[in-house]
Amino acid sequence: MISRFREQLATGASVDDAVRRTVHTAGRTVAFSAATVAAALAALLVFPQYFLRSFGYAGVGVVAIAALGTLFVMPALLAVLGHRVNSGKLPWPKARRADGRAPLWGRLARTVMRRPALTALPVLAVLLVAASPLLGITFGTPDERVLPEDAQSRQVSATLRENFDGNDDAALHIVIDRPVAKGPLASYATDLSGLDGVARVETGTATYADGQAKADSPGNGSLSRADAQRITVVSDLEPKSDAAQSLVKDVRTLAPPAGSDPLVGGVDAELVDSKDSIGGLLPVAIGLVVLTTFVLLFLFTGSVVQPLRALVLNMLSLGATLGVMTWIFQDGNLSGLLGFTAQPMELAMTVLMFCIAFGLSMDYEVFVTSRIKELHDQGADNETAVTDGLGHTGRIVSAAACLLAVSFLAFGTAKLSFMQMFGLGSGLAILIDAVAVRGVLVPAAMRLLGRSAWYAPGFLRTFHGRYGLSEAGPETASVPAPSAGAGVGSEARTESDSEPDSEPAAKSPYVRN
């Protein structure tokens, strides 16, 4: 918003016209950007876990408040500031072009557009190699290993697991919420003690091991009530391991006492249930994110190709990020530097990181595509629209990415490994998206797609012409053209001194009406 306002003032527009034009253009971008980010975060509401749902509600609320403040409060502040918005500039930055373009990003886009294969293929290769550890990814839930090795609670848990018979902390707890006769209970406990990996089974009447009751262990009376029974299954398996998860399934499939429906809980049971719960709903969440993103980007661009291109590139950058996090936190690389213990990827935190990173990447996508689309609608050819569009938005996107990345990367200093994973992963995803995707892959894709980048079937073009929105809003009133020495760029010329009301006629499905 501020950048566009400064650009409008640089063209000679009055403060009121500059504010009006800023809201008509950048304001629309902000609205669509907020919608895409909110859609990604709203996918967290699909999951039943309160941890994920709370982030969904909070994230959507924060985005909505920020968007409302930008659309309704900032225009008033800009109107009050007027030309003073340019006051207080630091003396050492190099002077930028009057039209607000950043030469570095424009040159980068021009280079990529001229040699798309030569510049994009190495980036694609690096991202695919970075994503390759996903082929061996496994998931888990937090336990004492997320703590530093010198934490006393972790040391106690490790000692119990390594030096004592069975791990009571990781035991399975079975609850039967109805009376059970002694005979059927003994038979059920005997069968449980015979399962692979079970060290002992404790009931209110006896303790069982290796398929039989232990004569010297009378049982734990606190596990038995007149109207319910509790059974503790202690195993010698590594907690959270595949064998421990298989034991949970074996216990649940074992025939219970007649007329009963046992409930099985415990650390390993929680992992199994979490994976089933999140894994079963993950396709629904991803489907909702993809569908809402596609619809919003279509309404914004009028093309069915642009949303697909954005989704493919975003998934590629997120895959590379998750692959690097798997290589670090699951495979144990850099564990000495960061001070963590390698273990499976924390399931809920991985989903949270995916949704946040996806939303932020679509945020940058909207900002870059909006200016490219605006120049395209004003008649610029494909190369000019991409080069000037990235020149206008590259500096803003990179600055925002650096600020957010620093905030997320600060979590890398945390003492909990899953917090380190979330912070480093989110920060890395933002940097990959801002540099590799926006700087290289987007211009290369636009060059390879050519005019087909703006394709839409006839009925969808008609729909978009009636209901769609884009950043190219109404032009400002005529303003004095800048002097020849002002050094304005293509956008300033099209907005002020090159027939602003003209728009190319739609002669093909590739040009927006």
# chains A, B, ... in the order shown; residues from 1 in each chain; ligands from 1

$ closest_atom_pairs --of "stretch 276-328 of chain A" --to "stretch 336-344 of chain A" --cutoff "12 Å" --atoms "only C-alpha atoms" --output "JSON lines"
{"residue": "A:Met325", "atom": "CA", "partner": "A:Pro344", "partner_atom": "CA", "distance": 10.7}
{"residue": "A:Thr326", "atom": "CA", "partner": "A:Pro344", "partner_atom": "CA", "distance": 8.2}
{"residue": "A:Trp327", "atom": "CA", "partner": "A:Ala342", "partner_atom": "CA", "distance": 9.8}
{"residue": "A:Ile328", "atom": "CA", "partner": "A:Ala342", "partner_atom": "CA", "distance": 8.0}

$ residues_around --residues "A:Thr253" --least-positions-apart "6" --cutoff "12 Å" --atoms "only C-alpha atoms" --output "list in words"
Asp191, Leu192, Leu195, Ser246, Leu247, Asp261, Pro262, Leu263 and Val264 of chain A

$ atom_distance --atom1 "atom CA of A:Thr205" --atom2 "atom CA of A:Phe164"
23.2 Å

$ select_by_dssp --residues "stretch 30-216 of chain A" --states "alpha helix (DSSP H)" --output "MDAnalysis selection string"
chainID A and resid 30:42 50:68 74:81 103:114 116:131 152:163 182:193

$ write_last_selection --atoms "C-alpha atoms" --output "mmCIF file, in the first residue's frame"
data_model
loop_
_atom_site.group_PDB
_atom_site.id
_atom_site.type_symbol
_atom_site.label_atom_id
_atom_site.label_comp_id
_atom_site.auth_asym_id
_atom_site.auth_seq_id
_atom_site.Cartn_x
_atom_site.Cartn_y
_atom_site.Cartn_z
ATOM 1 C CA VAL A 30 -4.320 -7.024 -0.034
ATOM 2 C CA ALA A 31 -7.908 -8.303 0.092
ATOM 3 C CA PHE A 32 -7.173 -11.297 -2.136
ATOM 4 C CA SER A 33 -3.880 -11.977 -0.384
ATOM 5 C CA ALA A 34 -5.625 -12.020 2.991
ATOM 6 C CA ALA A 35 -8.252 -14.369 1.595
ATOM 7 C CA THR A 36 -5.649 -16.860 0.342
ATOM 8 C CA VAL A 37 -3.726 -16.842 3.621
ATOM 9 C CA ALA A 38 -6.944 -17.208 5.620
ATOM 10 C CA ALA A 39 -8.028 -20.117 3.400
ATOM 11 C CA ALA A 40 -4.758 -21.952 4.075
ATOM 12 C CA LEU A 41 -5.029 -21.419 7.831
ATOM 13 C CA ALA A 42 -8.736 -22.290 7.871
ATOM 14 C CA TYR A 50 -7.394 -28.457 19.709
ATOM 15 C CA PHE A 51 -3.755 -27.571 19.091
ATOM 16 C CA LEU A 52 -4.332 -27.262 15.346
ATOM 17 C CA ARG A 53 -7.814 -25.770 15.604
ATOM 18 C CA SER A 54 -6.626 -23.039 17.958
ATOM 19 C CA PHE A 55 -3.969 -21.977 15.456
ATOM 20 C CA GLY A 56 -6.609 -21.996 12.734
ATOM 21 C CA TYR A 57 -8.959 -19.685 14.624
ATOM 22 C CA ALA A 58 -6.120 -17.409 15.757
ATOM 23 C CA GLY A 59 -4.525 -17.272 12.312
ATOM 24 C CA VAL A 60 -7.741 -16.411 10.480
ATOM 25 C CA GLY A 61 -8.531 -13.766 13.101
ATOM 26 C CA VAL A 62 -5.110 -12.133 12.841
ATOM 27 C CA VAL A 63 -5.259 -12.077 9.039
ATOM 28 C CA ALA A 64 -8.770 -10.577 9.066
ATOM 29 C CA ILE A 65 -7.802 -7.850 11.548
ATOM 30 C CA ALA A 66 -4.647 -7.005 9.593
ATOM 31 C CA ALA A 67 -6.582 -6.809 6.318
ATOM 32 C CA LEU A 68 -9.301 -4.590 7.801
ATOM 33 C CA MET A 74 -4.164 2.935 6.347
ATOM 34 C CA PRO A 75 -5.903 4.995 3.608
ATOM 35 C CA ALA A 76 -6.886 7.563 6.233
ATOM 36 C CA LEU A 77 -3.340 7.690 7.560
ATOM 37 C CA LEU A 78 -1.937 8.093 4.047
ATOM 38 C CA ALA A 79 -4.360 10.932 3.360
ATOM 39 C CA VAL A 80 -3.183 12.696 6.526
ATOM 40 C CA LEU A 81 0.503 12.117 5.789
ATOM 41 C CA PRO A 103 16.613 -2.714 -10.989
ATOM 42 C CA LEU A 104 18.045 -5.900 -9.459
ATOM 43 C CA TRP A 105 14.799 -7.833 -9.594
ATOM 44 C CA GLY A 106 13.992 -6.506 -13.050
ATOM 45 C CA ARG A 107 17.385 -7.623 -14.392
ATOM 46 C CA LEU A 108 16.967 -11.030 -12.760
ATOM 47 C CA ALA A 109 13.541 -11.495 -14.353
ATOM 48 C CA ARG A 110 14.849 -10.371 -17.750
ATOM 49 C CA THR A 111 17.740 -12.837 -17.569
ATOM 50 C CA VAL A 112 15.426 -15.704 -16.634
ATOM 51 C CA MET A 113 12.910 -14.792 -19.345
ATOM 52 C CA ARG A 114 15.638 -14.897 -21.986
ATOM 53 C CA PRO A 116 14.376 -20.009 -18.924
ATOM 54 C CA ALA A 117 15.781 -23.529 -19.208
ATOM 55 C CA LEU A 118 19.343 -22.578 -18.334
ATOM 56 C CA THR A 119 18.273 -20.690 -15.205
ATOM 57 C CA ALA A 120 15.310 -22.778 -14.006
ATOM 58 C CA LEU A 121 16.624 -26.334 -14.434
ATOM 59 C CA PRO A 122 19.427 -25.988 -11.830
ATOM 60 C CA VAL A 123 16.943 -24.502 -9.341
ATOM 61 C CA LEU A 124 14.470 -27.316 -10.012
ATOM 62 C CA ALA A 125 17.218 -29.901 -9.565
ATOM 63 C CA VAL A 126 18.263 -28.448 -6.209
ATOM 64 C CA LEU A 127 14.666 -28.328 -4.959
ATOM 65 C CA LEU A 128 13.973 -31.904 -6.037
ATOM 66 C CA VAL A 129 17.135 -33.165 -4.335
ATOM 67 C CA ALA A 130 16.151 -31.239 -1.210
ATOM 68 C CA ALA A 131 12.713 -32.879 -1.296
ATOM 69 C CA GLN A 152 16.285 -34.226 34.579
ATOM 70 C CA SER A 153 12.852 -35.374 33.408
ATOM 71 C CA ARG A 154 14.401 -36.763 30.244
ATOM 72 C CA GLN A 155 17.174 -38.495 32.165
ATOM 73 C CA VAL A 156 14.670 -40.189 34.479
ATOM 74 C CA SER A 157 12.573 -41.453 31.558
ATOM 75 C CA ALA A 158 15.672 -42.752 29.780
ATOM 76 C CA THR A 159 16.842 -44.558 32.917
ATOM 77 C CA LEU A 160 13.459 -46.222 33.455
ATOM 78 C CA ARG A 161 13.323 -47.366 29.863
ATOM 79 C CA GLU A 162 16.887 -48.701 29.692
ATOM 80 C CA ASN A 163 17.546 -50.138 33.163
ATOM 81 C CA LYS A 182 -12.907 -63.047 37.274
ATOM 82 C CA GLY A 183 -12.703 -65.928 34.807
ATOM 83 C CA PRO A 184 -13.185 -63.955 31.573
ATOM 84 C CA LEU A 185 -10.862 -61.226 32.913
ATOM 85 C CA ALA A 186 -8.129 -63.785 33.643
ATOM 86 C CA SER A 187 -8.525 -65.355 30.205
ATOM 87 C CA TYR A 188 -8.298 -61.933 28.501
ATOM 88 C CA ALA A 189 -5.197 -60.958 30.510
ATOM 89 C CA THR A 190 -3.551 -64.296 29.718
ATOM 90 C CA ASP A 191 -4.069 -63.733 25.989
ATOM 91 C CA LEU A 192 -2.673 -60.208 26.304
ATOM 92 C CA SER A 193 0.477 -61.426 28.060
#

$ closest_residue --among "A:Asp177, A:Asp388, A:Asp236, A:Glu383" --to "A:Arg451" --atoms "only C-alpha atoms"
A:Glu383

$ atom_distance --atom1 "atom CA of A:Arg20" --atom2 "atom CA of A:Arg84"
17.3 Å

$ residues_around --residues "A:Gly280" --least-positions-apart "6" --cutoff "12 Å" --atoms "only C-alpha atoms" --output "ChimeraX atom specification"
/A:46-48,272-274,286

$ residues_around --residues "stretch 213-224 of chain A" --least-positions-apart "5" --cutoff "8 Å" --atoms "only C-alpha atoms" --output "tab-separated table (two decimals) with N, CA and C atoms, in the first residue's frame"
chain	number	residue	atom	x	y	z
A	190	THR	N	-4.49	-63.25	30.16
A	190	THR	CA	-3.55	-64.30	29.72
A	190	THR	C	-3.24	-64.16	28.24
A	202	GLU	N	-0.86	-56.39	34.11
A	202	GLU	CA	-1.33	-56.22	35.49
A	202	GLU	C	-2.84	-55.99	35.50
A	203	THR	N	-3.52	-56.73	36.36
A	203	THR	CA	-4.96	-56.53	36.59
A	203	THR	C	-5.20	-56.36	38.09
A	204	GLY	N	-6.45	-56.22	38.45
A	204	GLY	CA	-6.77	-56.05	39.86
A	204	GLY	C	-6.64	-57.33	40.65
A	205	THR	N	-6.55	-58.47	39.97
A	205	THR	CA	-6.52	-59.75	40.68
A	205	THR	C	-5.19	-60.48	40.56
A	206	ALA	N	-4.44	-60.24	39.49
A	206	ALA	CA	-3.18	-60.97	39.29
A	206	ALA	C	-2.32	-60.25	38.26
A	207	THR	N	-1.06	-60.73	38.17
A	207	THR	CA	-0.12	-60.25	37.17
A	207	THR	C	0.24	-61.41	36.26
A	208	TYR	N	0.26	-61.17	34.95
A	208	TYR	CA	0.45	-62.23	33.98
A	208	TYR	C	1.69	-61.95	33.14
A	229	GLN	N	-13.08	-52.25	35.08
A	229	GLN	CA	-11.78	-52.89	35.22
A	229	GLN	C	-10.73	-52.11	34.41
A	230	ARG	N	-9.55	-52.04	34.99
A	230	ARG	CA	-8.43	-51.42	34.30
A	230	ARG	C	-7.30	-52.43	34.20
A	231	ILE	N	-6.69	-52.51	33.01
A	231	ILE	CA	-5.60	-53.46	32.76
A	231	ILE	C	-4.40	-52.67	32.23

$ closest_residue --among "A:Val251, A:Ile137, A:Leu449, A:Val233" --to "A:Gly319" --atoms "only C-alpha atoms"
A:Ile137

$ select_by_dssp --residues "stretch 146-354 of chain A" --states "strand (DSSP E)" --output "PyMOL selection string"
chain A and resi 172-176+198-202+207-209+212-213+224-225+228-235+263-266+345-346

$ write_last_selection --atoms "N, CA and C atoms" --output "JSON list (two decimals), in the first residue's frame"
[["chain", "number", "residue", "atom", "x", "y", "z"],
["A", 172, "LEU", "N", 0.49, -49.56, 27.90],
["A", 172, "LEU", "CA", -0.86, -49.42, 27.36],
["A", 172, "LEU", "C", -1.86, -49.59, 28.50],
["A", 173, "HIS", "N", -2.86, -48.76, 28.51],
["A", 173, "HIS", "CA", -3.89, -48.81, 29.55],
["A", 173, "HIS", "C", -5.22, -49.19, 28.92],
["A", 174, "ILE", "N", -5.77, -50.29, 29.38],
["A", 174, "ILE", "CA", -7.05, -50.79, 28.86],
["A", 174, "ILE", "C", -8.12, -50.58, 29.92],
["A", 175, "VAL", "N", -9.22, -49.99, 29.52],
["A", 175, "VAL", "CA", -10.34, -49.73, 30.43],
["A", 175, "VAL", "C", -11.58, -50.45, 29.90],
["A", 176, "ILE", "N", -12.20, -51.22, 30.77],
["A", 176, "ILE", "CA", -13.48, -51.86, 30.46],
["A", 176, "ILE", "C", -14.51, -51.25, 31.40],
["A", 198, "VAL", "N", 5.15, -58.07, 24.85],
["A", 198, "VAL", "CA", 4.55, -57.78, 26.15],
["A", 198, "VAL", "C", 5.41, -58.37, 27.25],
["A", 199, "ALA", "N", 5.82, -57.53, 28.21],
["A", 199, "ALA", "CA", 6.62, -58.00, 29.35],
["A", 199, "ALA", "C", 5.74, -58.53, 30.46],
["A", 200, "ARG", "N", 4.65, -57.84, 30.76],
["A", 200, "ARG", "CA", 3.72, -58.31, 31.80],
["A", 200, "ARG", "C", 2.40, -57.57, 31.64],
["A", 201, "VAL", "N", 1.37, -58.16, 32.21],
["A", 201, "VAL", "CA", 0.02, -57.58, 32.21],
["A", 201, "VAL", "C", -0.47, -57.56, 33.65],
["A", 202, "GLU", "N", -0.86, -56.39, 34.11],
["A", 202, "GLU", "CA", -1.33, -56.22, 35.49],
["A", 202, "GLU", "C", -2.84, -55.99, 35.50],
["A", 207, "THR", "N", -1.06, -60.73, 38.17],
["A", 207, "THR", "CA", -0.12, -60.25, 37.17],
["A", 207, "THR", "C", 0.24, -61.41, 36.26],
["A", 208, "TYR", "N", 0.26, -61.17, 34.95],
["A", 208, "TYR", "CA", 0.45, -62.23, 33.98],
["A", 208, "TYR", "C", 1.69, -61.95, 33.14],
["A", 209, "ALA", "N", 2.38, -63.00, 32.73],
["A", 209, "ALA", "CA", 3.54, -62.90, 31.86],
["A", 209, "ALA", "C", 3.70, -64.19, 31.08],
["A", 212, "GLN", "N", 0.70, -66.74, 31.18],
["A", 212, "GLN", "CA", 0.23, -67.39, 32.40],
["A", 212, "GLN", "C", 0.35, -66.43, 33.58],
["A", 213, "ALA", "N", -0.42, -66.72, 34.63],
["A", 213, "ALA", "CA", -0.38, -65.88, 35.83],
["A", 213, "ALA", "C", 0.89, -66.15, 36.62],
["A", 224, "SER", "N", -9.04, -52.41, 40.02],
["A", 224, "SER", "CA", -10.34, -53.08, 39.92],
["A", 224, "SER", "C", -11.41, -52.33, 40.70],
["A", 225, "ARG", "N", -12.60, -52.21, 40.08],
["A", 225, "ARG", "CA", -13.78, -51.65, 40.75],
["A", 225, "ARG", "C", -14.96, -52.56, 40.47],
["A", 228, "ALA", "N", -16.14, -51.53, 36.89],
["A", 228, "ALA", "CA", -15.18, -51.31, 35.81],
["A", 228, "ALA", "C", -13.88, -52.03, 36.12],
["A", 229, "GLN", "N", -13.08, -52.25, 35.08],
["A", 229, "GLN", "CA", -11.78, -52.89, 35.22],
["A", 229, "GLN", "C", -10.73, -52.11, 34.41],
["A", 230, "ARG", "N", -9.55, -52.04, 34.99],
["A", 230, "ARG", "CA", -8.43, -51.42, 34.30],
["A", 230, "ARG", "C", -7.30, -52.43, 34.20],
["A", 231, "ILE", "N", -6.69, -52.51, 33.01],
["A", 231, "ILE", "CA", -5.60, -53.46, 32.76],
["A", 231, "ILE", "C", -4.40, -52.67, 32.23],
["A", 232, "THR", "N", -3.23, -52.96, 32.78],
["A", 232, "THR", "CA", -2.00, -52.30, 32.34],
["A", 232, "THR", "C", -1.13, -53.31, 31.59],
["A", 233, "VAL", "N", -0.79, -52.96, 30.35],
["A", 233, "VAL", "CA", 0.04, -53.82, 29.50],
["A", 233, "VAL", "C", 1.40, -53.15, 29.35],
["A", 234, "VAL", "N", 2.42, -53.73, 30.00],
["A", 234, "VAL", "CA", 3.78, -53.18, 29.97],
["A", 234, "VAL", "C", 4.59, -53.97, 28.96],
["A", 235, "SER", "N", 5.25, -53.26, 28.04],
["A", 235, "SER", "CA", 6.04, -53.93, 27.01],
["A", 235, "SER", "C", 7.51, -53.58, 27.16],
["A", 263, "LEU", "N", -11.43, -50.01, 25.90],
["A", 263, "LEU", "CA", -10.81, -48.80, 25.38],
["A", 263, "LEU", "C", -9.32, -48.88, 25.67],
["A", 264, "VAL", "N", -8.49, -48.66, 24.62],
["A", 264, "VAL", "CA", -7.04, -48.80, 24.75],
["A", 264, "VAL", "C", -6.40, -47.43, 24.62],
["A", 265, "GLY", "N", -5.63, -47.05, 25.65],
["A", 265, "GLY", "CA", -4.91, -45.78, 25.63],
["A", 265, "GLY", "C", -3.45, -45.96, 25.97],
["A", 266, "GLY", "N", -2.75, -44.85, 26.12],
["A", 266, "GLY", "CA", -1.32, -44.89, 26.38],
["A", 266, "GLY", "C", -0.55, -44.10, 25.33],
["A", 345, "MET", "N", 9.34, -37.12, 12.57],
["A", 345, "MET", "CA", 8.81, -35.76, 12.46],
["A", 345, "MET", "C", 7.54, -35.64, 13.31],
["A", 346, "GLU", "N", 7.46, -34.57, 14.08],
["A", 346, "GLU", "CA", 6.27, -34.35, 14.93],
["A", 346, "GLU", "C", 5.08, -34.04, 14.03]]
